[in-house]
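Report on the structure given below.
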Amino acid sequence: MSNGIRFNGLRTRRFYAWLQAIKVSYFKRLTVAASGFIQVYDMTSFLTFPQGGVHPPESKQMTSQLAIEEMGAPAELEIILGQHIGAPCTPTVALRDEVKEGDLIGEVVKGLGVPLHAPVAGKVKAFGASAHPMRVTAPSITIVTDLQAAPVRYTPGDWSGLSSEELLKKVHGAGVVGIGGAGFPSHVKLNPPADNPVDKLILNGAECEPYITADHRQMLEHSAEIVEGAKVILKILGIRDCHIGIEANKPDAIKVMSQAAAAASTPEFNIMVNPLKVKYPQGSEKQLIQSITGRKVPGFALPSAVGVVVHNVSTTKAIYDAVVLGKPLYEKIVTISGKGIKRPANLRVKVGTKLSDIVAHLGGVTPQLAKIIMGGPMMGFAVSSLDIPVTKTTSSVLFLAEDEIDANPHSQCIRCGWCLEACPMGLEPKEIAIHVEAGRPEDTGKFGVFECFECGCCAYVCPAKRPLVQFIRLAKMKAKR
């Protein structure tokens with residue numbers, strides 16, 4: 001994993017064997033501070049997945065205790081038209097049109113997708129291309145903000161009398177996508193195939209990536225709304241049981257969400273919190289399902305194949321907003337962290353806000369800044385520009401200093417096997433990388449390249465510091481041609 005953190009210093013087989021010997025006793029107990037009290041947990045009692053995984057330094061202390069802060073709308077927004085998996089939106093507005101906050105500005109005419117809404121009141125300035133962390137550029141709409149316009153106020157409404165179809169229509173109409181992942185349209189996930197009956201809903205509150213605390217703060221500050229959103233989802237799916245998985249390094253969130261779940265549970269809705277062992281990638285969909293239910297999702301299959309639907313807790317809050325408040329998804333909670341930013345924060349920002357505006361709001365960067373990553377350090381993408389706008393799936397932006405990264409060059413594979421031990425999917429990352437270097441990416445399918453979800457565990461443990469995730473991405477691209 002070359003974008004973010006890793007262990008520094010000498011790592012030999014002897015050192016690794018020593019770690020293996022002591023980790024059983026060391027990680028049996030987890031000591032965390034919450035609300036002024038020290039709590040000690042027996043780590044062996046927490047749920048986890050059986051294969052692979054790592055425990056990188058968490059680095060969450062910079063923002064975990066910072067309440068969500070409202071960032072005002074900047075003078076101008078660039079709203080990318082493709083903020084979800086599927087077809088990008090087609091604009092429904094014209095140049096110089098005036099729009100109000102929450103107005104429809106884009107919709108998917110054909111194919112998989114969700115509509116797009118104006119995050120602010122203002123005037124359409126341009127249709128062009130904006131910088132993008134993965135696609136280099138992406139089509140977008142630029143809106144000049146009317147800074148004098150009053151914000152829209154939303155009031156709760158009764159949803160209990162609505163049918164599943166009506167609830168699904170509200171979720172789709174609000175443009176809700178998977179906030180914690182790749183942006184899969186939520187209304188599609190809430191309508192699983194009829195031949196895959198679902199009996200469990202899992203809410204993902206693990207937030208296992210280092211630095212990120214956006215979901216943590218959502219659970220602390222909006223626990224009732226998240227649980228109400230869970231009830232909406234349960235009604236749509238026509239099931240009763242909801243499990244909320246939260247890693248044990250968030251005891252305050254476990255406490256608050258447990259109280260909210262107990263208060264909201266009824267004979268019709270059974271909502272419970274499942275504390276999870278602190279282990280990355282605990283928040284990965286397939287690993288989370290196995291941790292909580294013991295069910296293993298087959299390769300290339302969806303969670304519904306084993307009777308489960310998974311939603312992120314922040315996505316569930318967005319579903320609450322859509323159904324109960326009638327509010328479209330056009331704001332995002334984003335963690336801004338790292339030693340390279342002057343003031344770390346958990347910000348509520350308008351979708352389309354540029355990184356440069358966020359940096360200005362937080363007082364600028366520090367002289368120690370060495371790398372900027374959109375997303376987490378394990379799965380995020382390094383970027384070289386502050387002109388990139390926030391999207392619905394932006395979970396964090398990290399401004400990392402020299403001592404938070406490892407920029408040393410990689411060497412050849414030493415065939416130590418650590419990547420095989422760390423891979424939660426049981427794949428062979430070293431073989432994929434070796435075949436890519438040999439110009440044979442088309443032969444990597446037998447090593448599981450298309451089952452890899454690019455968690456970065458293999459690159460994190462590699463003593464040769466090989467960019468295994470980048471090799472895997474390259475293999476996927478070339479093997480598909």
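Following the order of the structure tokens, first chain is A, next is B, and so on, with residues numbered from 1 inside each chain and ligands from 1 in the order they appear.
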
Spatial neighbours of A:Leu468, max dist 10 Å, only C-alpha atoms, sep filter under 3 positions, as a PDB file with C-alpha atoms, in the first residue's frame:
ATOM      1  CA  MET A   1       0.000   0.000   0.000  1.00  0.00           C
ATOM      2  CA  SER A   2       1.873   3.016  -1.255  1.00  0.00           C
ATOM      3  CA  CYS A 419       0.688 -11.087   1.931  1.00  0.00           C
ATOM      4  CA  PRO A 429      -1.222 -11.043  -4.182  1.00  0.00           C
ATOM      5  CA  LYS A 430       2.461 -11.812  -4.731  1.00  0.00           C
ATOM      6  CA  GLU A 431       1.703 -14.022  -7.740  1.00  0.00           C
ATOM      7  CA  ILE A 432      -0.549 -11.387  -9.263  1.00  0.00           C
ATOM      8  CA  ALA A 433       2.208  -8.772  -8.937  1.00  0.00           C
ATOM      9  CA  ILE A 434       4.878 -11.082 -10.334  1.00  0.00           C
ATOM     10  CA  GLU A 454      -8.206  -3.723  -2.854  1.00  0.00           C
ATOM     11  CA  GLY A 456      -4.387  -2.963   1.003  1.00  0.00           C
ATOM     12  CA  CYS A 457      -3.590  -5.543   3.702  1.00  0.00           C
ATOM     13  CA  CYS A 458      -1.054  -7.241   1.427  1.00  0.00           C
ATOM     14  CA  ALA A 459       0.867  -4.050   0.684  1.00  0.00           C
ATOM     15  CA  TYR A 460       0.730  -3.011   4.336  1.00  0.00           C
ATOM     16  CA  CYS A 462       4.989  -6.454   2.661  1.00  0.00           C
ATOM     17  CA  LYS A 465       7.239  -2.421   0.361  1.00  0.00           C
ATOM     18  CA  PHE A 471      -0.231  -4.130  -9.379  1.00  0.00           C
ATOM     19  CA  ILE A 472      -3.660  -5.672  -8.781  1.00  0.00           C
ATOM     20  CA  ARG A 473      -5.472  -2.637 -10.214  1.00  0.00           C
ATOM     21  CA  LEU A 474      -3.238  -2.764 -13.260  1.00  0.00           C
TER      22      LEU A 474
END

Could you give me, as CSV, every stretch 305-344 of chain A residue with an atom at most 8 Å from stretch 109-124 of chain A, plus its closest atom pair and distance in Å to one decimal, counting only C-alpha atoms, rows ordered by chain then number?
residue,atom,partner,partner_atom,distance
A:Pro328,CA,A:His117,CA,6.8
A:Leu329,CA,A:His117,CA,7.5
A:Tyr330,CA,A:Pro119,CA,5.1
A:Glu331,CA,A:Pro119,CA,6.9

Could you make a table, as JSON lines, of the residues of stretch 50-141 of chain A that have an atom within 7 Å of an atom of stretch 376-391 of chain A, each with its nearest atom pair and distance in Å to one decimal, counting only C-alpha atoms, in chain and number order?
{"residue": "A:Glu78", "atom": "CA", "partner": "A:Pro389", "partner_atom": "CA", "distance": 6.2}
{"residue": "A:Gln83", "atom": "CA", "partner": "A:Thr391", "partner_atom": "CA", "distance": 6.3}
{"residue": "A:Ser130", "atom": "CA", "partner": "A:Ile388", "partner_atom": "CA", "distance": 6.8}
{"residue": "A:Ala131", "atom": "CA", "partner": "A:Ile388", "partner_atom": "CA", "distance": 4.9}
{"residue": "A:His132", "atom": "CA", "partner": "A:Ile388", "partner_atom": "CA", "distance": 5.8}
{"residue": "A:Pro133", "atom": "CA", "partner": "A:Val383", "partner_atom": "CA", "distance": 6.1}

Handout entry: Residues within 9 Å of A:Ile358, only C-alpha atoms, excluding chain neighbours under 2 positions, as an MDAnalysis selection string
Key = chainID A and resid 71 74 336 347 349 353:356 360:364
